[in-house]
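As stored in protein24.txt (compact mmCIF, C-alpha atoms and all ligand atoms):
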```txt
# COMPACT_ATOMS: atom_id res chain seq x y z
CA MET A 1 7.08 6.04 10.57
CA LEU A 2 4.22 4.14 8.95
CA HIS A 3 1.27 5.93 10.64
CA LEU A 4 -0.53 2.67 11.43
CA ALA A 5 -3.31 2.93 14.02
CA GLN A 6 -2.97 -0.73 15.00
CA LYS A 7 -0.21 -3.29 14.62
CA THR A 8 -0.93 -6.48 12.68
CA ASP A 9 -2.28 -9.38 14.74
CA PRO A 10 0.79 -11.29 16.01
CA ARG A 11 -0.64 -14.56 14.65
CA TRP A 12 -0.52 -13.25 11.08
CA ALA A 13 3.15 -13.92 10.21
CA ALA A 14 2.99 -17.62 11.11
CA LEU A 15 -0.30 -18.01 9.24
CA ALA A 16 1.16 -16.33 6.16
CA ALA A 17 4.37 -18.40 6.27
CA ASP A 18 2.33 -21.61 6.69
CA GLN A 19 0.30 -20.71 3.57
CA LEU A 20 3.05 -19.15 1.52
CA ASP A 21 1.58 -20.24 -1.83
CA ALA A 22 -1.61 -18.26 -1.14
CA VAL A 23 0.42 -15.27 0.03
CA VAL A 24 2.69 -15.05 -3.00
CA VAL A 25 -0.31 -15.14 -5.36
CA ASP A 26 -2.11 -12.47 -3.33
CA HIS A 27 1.07 -10.41 -3.13
CA ALA A 28 1.60 -10.55 -6.90
CA HIS A 29 -1.90 -9.13 -7.38
CA CYS A 30 -1.12 -6.36 -4.85
CA GLU A 31 1.96 -5.30 -6.81
CA HIS A 32 -0.06 -5.25 -10.03
CA LYS A 33 -2.71 -3.05 -8.41
CA ALA A 34 -0.03 -0.72 -7.02
CA ALA A 35 1.45 -0.21 -10.50
CA VAL A 36 -1.95 0.38 -12.12
CA THR A 37 -3.01 2.79 -9.35
CA ALA A 38 0.18 4.83 -9.68
CA LEU A 39 -0.37 5.18 -13.43
CA SER A 40 -4.01 6.14 -12.94
CA LEU A 41 -2.96 8.88 -10.48
CA VAL A 42 -0.47 10.18 -13.06
CA SER A 43 -3.32 10.42 -15.59
CA LYS A 44 -5.65 12.05 -13.10
CA TYR A 45 -3.21 14.65 -11.71
CA PRO A 46 -0.79 15.65 -14.49
CA ASP A 47 -0.53 19.26 -13.20
CA ASP A 48 2.28 18.64 -10.68
CA PRO A 49 5.71 17.79 -12.19
CA ARG A 50 6.90 16.29 -8.89
CA LEU A 51 3.89 13.97 -8.73
CA LEU A 52 4.36 12.96 -12.38
CA THR A 53 8.04 12.18 -11.95
CA ALA A 54 7.66 10.36 -8.63
CA LEU A 55 4.58 8.29 -9.47
CA SER A 56 5.74 7.30 -12.95
CA ALA A 57 8.95 6.01 -11.31
CA LEU A 58 6.89 4.31 -8.59
CA ALA A 59 4.73 2.63 -11.26
CA ARG A 60 7.93 1.30 -12.83
CA ASP A 61 9.12 -0.04 -9.44
CA GLU A 62 5.75 -1.67 -8.68
CA ALA A 63 5.67 -3.24 -12.16
CA ALA A 64 9.15 -4.63 -11.45
CA HIS A 65 7.90 -6.02 -8.11
CA PHE A 66 4.99 -7.58 -9.97
CA ALA A 67 7.35 -9.21 -12.47
CA ARG A 68 9.44 -10.64 -9.62
CA MET A 69 6.37 -12.00 -7.89
CA VAL A 70 5.16 -13.54 -11.15
CA GLU A 71 8.52 -15.34 -11.31
CA VAL A 72 7.99 -16.60 -7.77
CA VAL A 73 4.42 -17.70 -8.53
CA THR A 74 5.53 -19.51 -11.70
CA ALA A 75 8.59 -21.11 -10.08
CA ARG A 76 6.33 -22.57 -7.39
CA GLY A 77 4.11 -24.10 -10.07
CA LEU A 78 1.19 -21.85 -9.15
CA VAL A 79 -1.31 -20.07 -11.38
CA LEU A 80 -1.77 -16.33 -10.91
CA GLY A 81 -5.45 -16.34 -11.87
CA HIS A 82 -7.73 -13.40 -11.23
CA PRO A 83 -7.64 -11.42 -7.98
CA ASP A 84 -10.32 -11.94 -5.35
CA ALA A 85 -12.73 -9.08 -4.70
CA ASP A 86 -10.73 -6.62 -2.59
CA GLY A 87 -12.95 -5.55 0.30
CA TYR A 88 -9.98 -3.96 2.06
CA VAL A 89 -9.09 -1.54 -0.73
CA GLN A 90 -12.75 -0.90 -1.53
CA GLY A 91 -13.42 -0.11 2.11
CA LEU A 92 -10.62 2.45 2.09
CA LEU A 93 -11.82 3.99 -1.18
CA ASP A 94 -15.29 4.32 0.35
CA ALA A 95 -13.72 6.62 2.96
CA VAL A 96 -12.38 8.99 0.28
CA ARG A 97 -14.17 12.34 0.22
CA PRO A 98 -16.20 12.69 -3.02
CA THR A 99 -14.63 14.66 -5.82
CA ARG A 100 -17.72 16.81 -6.48
CA GLY A 101 -17.14 20.12 -4.70
CA HIS A 102 -14.12 18.69 -2.83
CA ALA A 103 -11.62 18.05 -5.63
CA LEU A 104 -8.60 18.97 -3.50
CA ASP A 105 -9.67 16.90 -0.48
CA HIS A 106 -10.52 14.02 -2.83
CA ARG A 107 -7.03 14.19 -4.30
CA VAL A 108 -5.41 14.25 -0.87
CA ASP A 109 -7.52 11.29 0.25
CA ARG A 110 -6.62 9.26 -2.84
CA LEU A 111 -2.93 9.84 -2.11
CA LEU A 112 -3.35 9.06 1.59
CA VAL A 113 -5.23 5.83 0.91
CA CYS A 114 -2.16 4.77 -1.09
CA ALA A 115 0.04 5.87 1.83
CA VAL A 116 -1.99 3.73 4.25
CA ILE A 117 -1.87 0.68 1.96
CA GLU A 118 1.89 1.08 1.45
CA GLY A 119 2.36 1.43 5.21
CA ARG A 120 0.49 -1.81 5.93
CA SER A 121 2.32 -3.60 3.10
CA CYS A 122 5.63 -2.47 4.53
CA GLU A 123 4.77 -3.66 8.03
CA ARG A 124 3.54 -7.06 6.86
CA LEU A 125 6.30 -7.73 4.35
CA GLN A 126 8.81 -7.10 7.15
CA LEU A 127 6.93 -9.45 9.49
CA LEU A 128 6.90 -12.07 6.74
CA ALA A 129 10.62 -11.57 5.96
CA GLU A 130 11.46 -12.13 9.64
CA GLU A 131 9.24 -15.21 9.96
CA LEU A 132 10.60 -16.74 6.73
CA GLY A 133 14.14 -15.97 7.91
CA ARG A 134 13.50 -17.88 11.15
CA ARG A 135 12.29 -20.83 9.07
CA GLY A 136 15.28 -20.76 6.70
CA GLU A 137 12.98 -20.10 3.75
CA PRO A 138 14.91 -18.64 0.75
CA LEU A 139 12.15 -16.12 -0.05
CA ALA A 140 13.07 -14.25 3.14
CA ALA A 141 15.74 -12.32 1.20
CA LEU A 142 13.24 -11.05 -1.38
CA TYR A 143 10.79 -9.94 1.30
CA ASP A 144 13.57 -8.25 3.23
CA GLU A 145 14.34 -6.20 0.14
CA LEU A 146 10.74 -5.39 -0.70
CA TRP A 147 9.56 -4.11 2.71
CA ARG A 148 12.26 -1.45 2.68
CA GLU A 149 11.03 -0.15 -0.68
CA GLU A 150 7.41 -0.03 0.49
CA ALA A 151 8.51 2.19 3.40
CA THR A 152 9.81 4.79 0.93
CA HIS A 153 6.53 4.58 -1.00
CA HIS A 154 4.55 5.34 2.15
CA THR A 155 6.64 8.45 2.77
CA LEU A 156 6.30 9.56 -0.85
CA PHE A 157 2.50 9.44 -0.83
CA VAL A 158 2.35 11.46 2.39
CA GLU A 159 4.71 14.03 0.87
CA LEU A 160 2.57 14.27 -2.29
CA ALA A 161 -0.55 14.80 -0.18
CA VAL A 162 1.07 17.65 1.76
CA ARG A 163 2.33 19.11 -1.49
CA SER A 164 -1.19 19.07 -2.96
CA TYR A 165 -2.47 21.31 -0.15
CA GLU A 166 0.62 23.52 -0.28
CA ARG A 167 0.25 24.10 -4.02
CA ALA A 168 -3.33 25.18 -3.36
CA GLY A 169 -1.97 27.83 -0.97
CA LEU A 170 -2.97 26.23 2.36
CA SER A 171 -0.53 27.24 5.08
CA ASP A 172 -1.47 24.36 7.43
CA ALA A 173 -0.98 21.64 4.81
CA ALA A 174 1.13 19.31 6.96
CA ALA A 175 -1.23 19.51 9.93
CA ARG A 176 -4.27 18.84 7.72
CA VAL A 177 -2.60 15.79 6.23
CA GLU A 178 -1.56 14.47 9.66
CA ARG A 179 -5.15 14.70 10.91
CA ARG A 180 -6.60 13.06 7.83
CA LEU A 181 -3.96 10.34 7.78
CA ALA A 182 -4.64 9.53 11.44
CA TRP A 183 -8.35 9.22 10.66
CA LEU A 184 -7.79 7.02 7.60
CA ALA A 185 -5.39 4.84 9.61
CA THR A 186 -8.16 4.29 12.17
CA GLU A 187 -10.57 3.33 9.38
CA GLU A 188 -7.97 0.93 7.97
CA ALA A 189 -7.41 -0.73 11.33
CA ALA A 190 -11.19 -1.17 11.70
CA LEU A 191 -11.40 -2.80 8.25
CA LEU A 192 -8.68 -5.29 9.19
CA ALA A 193 -10.25 -6.01 12.57
CA ALA A 194 -13.65 -6.67 10.97
CA ALA A 195 -12.31 -9.27 8.53
CA PRO A 196 -11.12 -12.79 9.41
CA LEU A 197 -7.33 -13.16 9.65
CA ARG A 198 -6.10 -14.73 6.42
CA ALA A 199 -2.97 -15.50 4.46
CA ALA A 200 -2.99 -12.29 2.42
CA ILE A 201 -1.06 -9.04 2.51
CA HIS A 202 -4.14 -7.05 3.50
CA GLY A 203 -6.45 -9.61 5.02
FE FE B 301 5.65 -2.93 -4.36
FE FE B 302 4.67 0.10 -2.99
```

Structure rendered as structure tokens:
Amino acid sequence: MLHLAQKTDPRWAALAADQLDAVVVDHAHCEHKAAVTALSLVSKYPDDPRLLTALSALARDEAAHFARMVEVVTARGLVLGHPDADGYVQGLLDAVRPTRGHALDHRVDRLLVCAVIEGRSCERLQLLAEELGRRGEPLAALYDELWREEATHHTLFVELAVRSYERAGLSDAAARVERRLAWLATEEAALLAAAPLRAAIHG
């Protein structure tokens, strides 16, 4: 279960497959950001051994995904370049409750924003894998592998959010996280709906 409030526009997969060069460059940047974010969360929240173990391993996996996407980018004769300004991620971070006076809620929101992003990545990488498979495009196999991993990342971030409330002694941790995740998923769907459809993992 990916907790998405809205499915991706059905036109997206064909658009992405038509502009695969743009997608693989954008996707490489996404994997880089995922690795960096996981490491920054490890630095920010070193108190929980489960979080440390899980997110340091996740950072390793995302860095490996990045390396594979760099290979794809290079093999296609493309240049990675610098990432575009990321209005999608920034929009989600703007929805995070401020840390001052709400450190625990801030922490949960940071983890749930990652859960939402992983959920959308999973959905779209699967759509792309299926579309590329229909077209006989060899990259379908890589995308078929990657979407399954992103599904486990989504679940992990939700688990770490629940665990954060539980460790603080809140008895209704799971219910709190469900409510907050549903709200953030609605925000995420609104961000996607407000932006033009484009050949990007989160556009
Ligand atoms: Fe990844
Ligand atoms: Fe991921």

In Å, rounded to a single decimal, give me how far atom CA of Thr152 of chain A is from atom CA of Thr8 of chain A.
19.5 Å

Pick out the residues no farther than 12 Å from ligand FE 302 (chain B), counting only C-alpha atoms and all ligand atoms, and list them as an MDAnalysis selection string.
chainID A and resid 27:28 30:38 55 57:66 114:123 125 145:157

Neighbours of Val79 of chain A within 10 Å (only C-alpha atoms; same-chain residues fewer than 4 positions away dropped), as a list in words?
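Answer for this query is Asp21, Val25, Val70, Val73 and Thr74 of chain A.
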
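Using only C-alpha atoms, the shortest contact distance between Leu41 of chain A and any of A:Leu184, A:Val108, A:Ala189, A:Ala175 is found at A:Val108.
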
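Residue nearest Leu192 of chain A, chosen from A:Arg68, A:Tyr143, A:Arg110, A:Gly87 and counting only C-alpha atoms: A:Gly87.
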
Enter the distance from atom CA of His82 of chain A to atom CA of Tyr45 of chain A, in Å, rounded to one decimal.
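Interatomic distance, atom CA of His82 of chain A to atom CA of Tyr45 of chain A: 28.4 Å.
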
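Proximity of A:Leu191, A:Leu52, A:Leu142, A:Ala199 to ligand FE 301 (chain B), computed with only C-alpha atoms and all ligand atoms, is greatest for A:Leu142.
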
Mind giving me the straight-line distance from atom CA of Ala161 of chain A to atom CA of Tyr88 of chain A in Å, one decimal?
21.1 Å

My list of candidates is A:Val96, A:Leu170, A:Val158, A:Met69. Which is closest to Met1 of chain A when distances are computed with all atoms listed in the file?
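Result for the nearest residue to Met1 of chain A: A:Val158.
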
Shortest interatomic distance to ligand FE 301 (chain B) - which of A:Leu80, A:Ala22, A:Ala67, A:Ala141, counting only C-alpha atoms and all ligand atoms:
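For ligand FE 301 (chain B), the nearest of the candidates is A:Ala67.
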
Between A:His29, A:Trp12, A:Arg135, A:Asp172, which residue has the minimum interatomic distance to ligand FE 301 (chain B), considering only C-alpha atoms and all ligand atoms?
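For ligand FE 301 (chain B), the nearest of the candidates is A:His29.
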
What's the 8 Å shell around segment 104-107 of chain A, counting all atoms listed in the file, without same-chain residues fewer than 5 positions away, as an MDAnalysis selection string?
chainID A and resid 96:99 161 164:165

For Ala200 of chain A, find every residue with an atom within 7 Å (counting only C-alpha atoms), except residues of its own chain fewer than 5 positions away, and show them as a VMD selection string.
chain A and resid 16 23 26
